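S.K.: The structure's right below; bear with me while I get my questions together.
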Amino acid sequence: MNSTIENTANILLVEDNPGDVLLTKKAFEHMRIKNTLHVTSDGDDALNFLFHRGKYQDAPKPDLILLDLNMPGKDGIEVLKEIKSDDNIKRIPVVIMTSSKAEQDIVKSYNLHANSYIVKPMDQTQFIDIVNAIESFWFYIVKLPDI
Amino acid sequence: MKRVEIESIADFANMISHDFNAPLRQARMFNQFFNQSLEFELTEEQQSYQIIVDSNIRRLEGMISGILRFSRIKKERDLTQSFCLNPVIKSLLQQNDHYFCDYHPKFDIQVTNQEVQGEEPLIYQALEEIIKNAVFYSDSRKEQLHICITAEMLNSKVYISIQDNGLGLDPQYHDYVQQPFKQIPTHCEKGVGIGLSIACKILDIHADNFKFESELGTGTKISFNLPTNNRLTTIKI
């Protein structure tokens, strides 16, 4: 990772529900690393962000992507497919964040190389624990490639 | 996005439960934030309203998860599979030990090594709901909670019964409580009232002669039987 500890971590949140966006923002305030949460509310917008299209020409490359599955238009699975088939962005860790516990969704996600799958918690304390775990794992413990 | 084909009640239940979870999650969490931001300004009575809101939301979550489990019960009976009851009961008690230990139940288990015909996960689920009820609806006035689990072989059938010395239930309510989410005021401390319905639904389809016997103050006995394939399994318990 490009010296994220000194700089700001850029996290892309792909989520259509404004309430869930707000909950995620509040949970990520508990992250110790300085971070910017970029939000796109549908699949097409997320891909525009990642491919620097239109208004996203100068968008930073995210260090982590949080991806909801059920969205109108292009859904999470289709976005995941496109991310993992592009040489430039396929190495960015994708954490699926969804309310679905369905086995078929979990299998589909991992088949398409999602890096992990998290079911959205129902309780704020749990959400904070999850954010702390994400931070420890993806920003401290694991090694990510520099590009 | 492809239109999702709904092929069964289970698919439908899957779909709605997911859509219900989003507003429930937000209601619960924003209620928590609201409570935290007003922590020092609320009267005791107002704080109790917060608790009522939160517990109702949790109840809704439990009911949705109950609907999902209920709708997933297979409607076709499969007699091509067989399994042994002893490891099922042992595993069930181990998995639920942390739930049960506060009630200090004494289990008396006399189960034949005879293999029974049926689907193990379904019978496990039914037994789990029945035994959970036996523990949770125990009578705190009685000295010791006894739960007797027997399975005896007779004439190519295994007769299974789970008997407890818990609260018991007046006969006028027997049919009522077997319906989903129906509880009576004196017997609704735990859960949302779906456990017995799930056990009944499973045993009505996947077992024979399901019987629910109960008397207020005495306890409850649930029995059913399963066919055998006349194979004995040597199990070390």
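Following the order of the structure tokens, first chain is A, next is B, and so on, with residues numbered from 1 inside each chain and ligands from 1 in the order they appear.
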Distance limit 7 Å, atoms considered: only C-alpha atoms. Which chain A residues sit that close to chain B? Return them as a list in words.

M.R.: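 Selected residues: Gly19, Gly73, Lys74, Asp75, Ser99, Ser100, Met122, Asp123 and Gln124 of chain A.
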
S.K.: Save the residues we just selected, all heavy atoms, as a compact mmCIF listing (two decimals), in the first residue's frame?

M.R.:
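Result file is out04.txt:
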```txt
# COMPACT_ATOMS: atom_id res chain seq x y z
N GLY A 19 -29.72 5.64 4.44
CA GLY A 19 -29.62 5.33 5.87
C GLY A 19 -28.41 4.47 6.17
O GLY A 19 -27.64 4.72 7.11
N GLY A 73 -30.40 -1.19 -10.89
CA GLY A 73 -29.48 -1.07 -12.01
C GLY A 73 -28.45 -2.17 -11.94
O GLY A 73 -28.77 -3.33 -11.67
N LYS A 74 -27.19 -1.82 -12.13
CA LYS A 74 -26.12 -2.82 -12.06
C LYS A 74 -25.95 -3.26 -10.61
O LYS A 74 -25.65 -2.43 -9.75
CB LYS A 74 -24.81 -2.17 -12.54
CG LYS A 74 -24.02 -3.02 -13.49
CD LYS A 74 -22.86 -2.32 -14.12
CE LYS A 74 -22.73 -2.77 -15.58
NZ LYS A 74 -21.86 -1.96 -16.35
N ASP A 75 -26.15 -4.53 -10.33
CA ASP A 75 -26.06 -4.93 -8.92
C ASP A 75 -24.62 -5.29 -8.52
O ASP A 75 -23.71 -5.29 -9.35
CB ASP A 75 -27.03 -6.07 -8.60
CG ASP A 75 -26.61 -7.39 -9.23
OD1 ASP A 75 -25.49 -7.51 -9.75
OD2 ASP A 75 -27.44 -8.32 -9.18
N SER A 99 -27.01 -7.21 3.54
CA SER A 99 -27.89 -7.79 4.56
C SER A 99 -28.22 -9.25 4.26
O SER A 99 -28.83 -9.92 5.07
CB SER A 99 -29.18 -7.01 4.75
OG SER A 99 -29.41 -6.13 3.71
N SER A 100 -27.78 -9.73 3.08
CA SER A 100 -28.12 -11.10 2.71
C SER A 100 -27.24 -12.14 3.38
O SER A 100 -26.02 -12.06 3.32
CB SER A 100 -28.04 -11.26 1.19
OG SER A 100 -28.14 -12.62 0.85
N MET A 122 -26.80 -5.65 13.00
CA MET A 122 -28.04 -5.00 13.39
C MET A 122 -27.83 -4.05 14.57
O MET A 122 -28.73 -3.39 15.02
CB MET A 122 -29.08 -6.06 13.80
CG MET A 122 -29.52 -6.93 12.65
SD MET A 122 -30.29 -5.96 11.35
CE MET A 122 -31.96 -6.52 11.43
N ASP A 123 -26.60 -3.99 15.05
CA ASP A 123 -26.34 -3.29 16.29
C ASP A 123 -25.10 -2.41 16.11
O ASP A 123 -24.13 -2.83 15.50
CB ASP A 123 -26.09 -4.38 17.34
CG ASP A 123 -25.70 -3.84 18.67
OD1 ASP A 123 -26.60 -3.59 19.48
OD2 ASP A 123 -24.48 -3.66 18.90
N GLN A 124 -25.13 -1.20 16.66
CA GLN A 124 -24.04 -0.27 16.44
C GLN A 124 -22.71 -0.76 16.99
O GLN A 124 -21.67 -0.59 16.36
CB GLN A 124 -24.41 1.07 17.07
CG GLN A 124 -23.60 2.22 16.54
CD GLN A 124 -23.29 3.25 17.61
OE1 GLN A 124 -23.72 3.14 18.74
NE2 GLN A 124 -22.52 4.24 17.27
```

S.K.: Which residues in segment 17-146 of chain A does DSSP call alpha helix (DSSP H)? List them as a ChimeraX atom specification.

M.R.: /A:18-28,43-50,76-84,103-111,124-135

S.K.: For atom CA of Leu92 of chain B and atom CA of Arg141 of chain B, determine how far apart the two atoms are, in Å to one decimal place.

M.R.: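 Taking atom CA of Leu92 of chain B as the start and atom CA of Arg141 of chain B as the end point, the length is 26.3 Å.
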
S.K.: Step one, run DSSP on the backbone; step two, keep only residues of segment 4-180 of chain B assigned to strand (DSSP E or B); then write them as a VMD selection string.

M.R.: chain B and resid 82 to 84 105 to 111 114 to 117 145 to 154 157 to 164

S.K.: Neighbouring residues of Val14 of chain A were defined as those with any atom within 7 Å, considering only C-alpha atoms; residues of the same chain fewer than 3 positions away were excluded. Please report them as a ChimeraX atom specification.

M.R.: /A:39-42,46,66-68

S.K.: Would you kindly return, as a short mmCIF file (atom, residue, chain, number, x, y, z; two decimals) with all heavy atoms, in the first residue's frame, each protein, DNA or RNA residue with an atom no farther than 6 Å from any atom of Ser138 of chain B, considering only C-alpha atoms and excluding same-chain residues fewer than 2 positions away?

M.R.:
```
data_model
loop_
_atom_site.label_atom_id
_atom_site.label_comp_id
_atom_site.auth_asym_id
_atom_site.auth_seq_id
_atom_site.Cartn_x
_atom_site.Cartn_y
_atom_site.Cartn_z
N VAL B 135 -36.58 -26.69 28.22
CA VAL B 135 -35.70 -25.96 29.15
C VAL B 135 -36.27 -24.59 29.50
O VAL B 135 -36.38 -24.22 30.67
CB VAL B 135 -34.29 -25.81 28.55
CG1 VAL B 135 -33.42 -24.93 29.42
CG2 VAL B 135 -33.64 -27.17 28.36
N PHE B 136 -36.68 -23.84 28.49
CA PHE B 136 -37.08 -22.45 28.74
C PHE B 136 -38.42 -22.32 29.45
O PHE B 136 -38.66 -21.36 30.17
CB PHE B 136 -37.13 -21.65 27.43
CG PHE B 136 -35.80 -21.53 26.74
CD1 PHE B 136 -35.72 -21.43 25.37
CD2 PHE B 136 -34.61 -21.53 27.46
CE1 PHE B 136 -34.49 -21.31 24.72
CE2 PHE B 136 -33.38 -21.43 26.83
CZ PHE B 136 -33.32 -21.32 25.45
N GLY B 166 -41.84 -29.36 33.42
CA GLY B 166 -41.89 -27.90 33.40
C GLY B 166 -43.28 -27.34 33.68
O GLY B 166 -44.11 -27.96 34.32
N LEU B 167 -43.53 -26.15 33.14
CA LEU B 167 -44.78 -25.44 33.43
C LEU B 167 -46.02 -26.16 32.94
O LEU B 167 -47.08 -26.05 33.52
CB LEU B 167 -44.74 -24.04 32.78
CG LEU B 167 -43.81 -23.02 33.43
CD1 LEU B 167 -43.71 -21.78 32.55
CD2 LEU B 167 -44.29 -22.64 34.81
#
```

S.K.: Go through A:Gln104, A:Thr98, A:Ile77, A:Phe139 one by one, measure the shortest atom-to-atom distance of each to Asn10 of chain A using only C-alpha atoms, and give the residue with the smallest value.

M.R.: A:Phe139

S.K.: Separation of atom CA of Ile131 of chain B and atom CA of Lys74 of chain B, in Å?

M.R.: 21.1 Å

S.K.: Near Leu80 of chain A, counting only C-alpha atoms, which residues have an atom at most 9 Å away, once you skip same-chain residues fewer than 3 positions from it, shown as a list of chain:residue names?

M.R.: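 Selected residues are A:Leu67, A:Asp75, A:Gly76, A:Ile77, A:Ile83, A:Lys84, A:Ser85, A:Val94, A:Ser109, A:Leu112, A:His113, A:Ala114.
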
S.K.: The selected residues should be written to file as a compact mmCIF listing (two decimals), in the first residue's frame (atoms: N, CA, C and O atoms).

M.R.:
```txt
# COMPACT_ATOMS: atom_id res chain seq x y z
N LEU A 67 -18.73 -3.18 -0.83
CA LEU A 67 -19.71 -3.31 -1.92
C LEU A 67 -20.99 -3.97 -1.46
O LEU A 67 -20.98 -5.09 -0.94
N ASP A 75 -26.15 -4.53 -10.33
CA ASP A 75 -26.06 -4.93 -8.92
C ASP A 75 -24.62 -5.29 -8.52
O ASP A 75 -23.71 -5.29 -9.35
N GLY A 76 -24.43 -5.57 -7.26
CA GLY A 76 -23.10 -5.79 -6.71
C GLY A 76 -22.32 -6.89 -7.39
O GLY A 76 -21.11 -6.79 -7.60
N ILE A 77 -23.02 -7.96 -7.76
CA ILE A 77 -22.34 -9.10 -8.40
C ILE A 77 -21.76 -8.67 -9.75
O ILE A 77 -20.62 -9.02 -10.08
N ILE A 83 -14.88 -5.47 -11.71
CA ILE A 83 -13.67 -5.08 -10.97
C ILE A 83 -12.61 -6.17 -11.10
O ILE A 83 -11.45 -5.90 -11.40
N LYS A 84 -13.03 -7.41 -10.87
CA LYS A 84 -12.06 -8.52 -10.83
C LYS A 84 -11.59 -8.96 -12.21
O LYS A 84 -10.72 -9.81 -12.33
N SER A 85 -12.19 -8.37 -13.29
CA SER A 85 -11.65 -8.72 -14.61
C SER A 85 -10.81 -7.62 -15.22
O SER A 85 -10.31 -7.76 -16.32
N VAL A 94 -11.96 -6.30 -2.16
CA VAL A 94 -13.39 -5.99 -2.17
C VAL A 94 -14.06 -6.72 -1.02
O VAL A 94 -14.03 -7.95 -0.94
N SER A 109 -20.38 -14.66 -4.56
CA SER A 109 -19.40 -13.61 -4.30
C SER A 109 -17.99 -14.17 -4.27
O SER A 109 -17.07 -13.62 -4.90
N LEU A 112 -16.61 -15.18 -7.57
CA LEU A 112 -16.15 -14.06 -8.39
C LEU A 112 -14.99 -13.33 -7.73
O LEU A 112 -14.66 -12.21 -8.12
N HIS A 113 -14.36 -13.98 -6.76
CA HIS A 113 -13.14 -13.48 -6.12
C HIS A 113 -13.34 -12.29 -5.20
O HIS A 113 -12.43 -11.46 -5.06
N ALA A 114 -14.48 -12.19 -4.56
CA ALA A 114 -14.62 -11.20 -3.47
C ALA A 114 -13.59 -11.58 -2.41
O ALA A 114 -13.34 -12.75 -2.18
```

S.K.: Tell me which of B:Phe100, B:Phe224, B:Tyr137, B:Phe210 sits closest to Gly193 of chain B, counting only C-alpha atoms.

M.R.: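 Comparing B:Phe100, B:Phe224, B:Tyr137, B:Phe210 against Gly193 of chain B, the winner is B:Tyr137.
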
S.K.: Excluding His52 of chain A and residues on its chain fewer than 6 positions from it, collect all residues at most 12 Å away from it, counting only C-alpha atoms, and give them as an MDAnalysis selection string.

M.R.: chainID A and resid 44:46 58:62 88:89

S.K.: Which residues are close to Met153 of chain B, i.e. within 12 Å by only C-alpha atoms, leaving aside same-chain residues fewer than 2 positions away? Reply as a list of chain:residue names.

M.R.: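 That gives B:Leu85, B:Gln110, B:Val111, B:Thr112, B:Asn113, B:Gln114, B:Glu115, B:Val116, B:Thr150, B:Ala151, B:Asn155, B:Ser156, B:Lys157, B:Val158, B:Tyr159, B:Ile160, B:Ser161, B:Asn225, B:Leu226, B:Pro227, B:Thr228, B:Asn229, B:Asn230, B:Arg231, B:Leu232.
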
S.K.: In Å, how far is it from atom CA of Val88 of chain B to atom CA of Arg59 of chain B?

M.R.: 29.1 Å
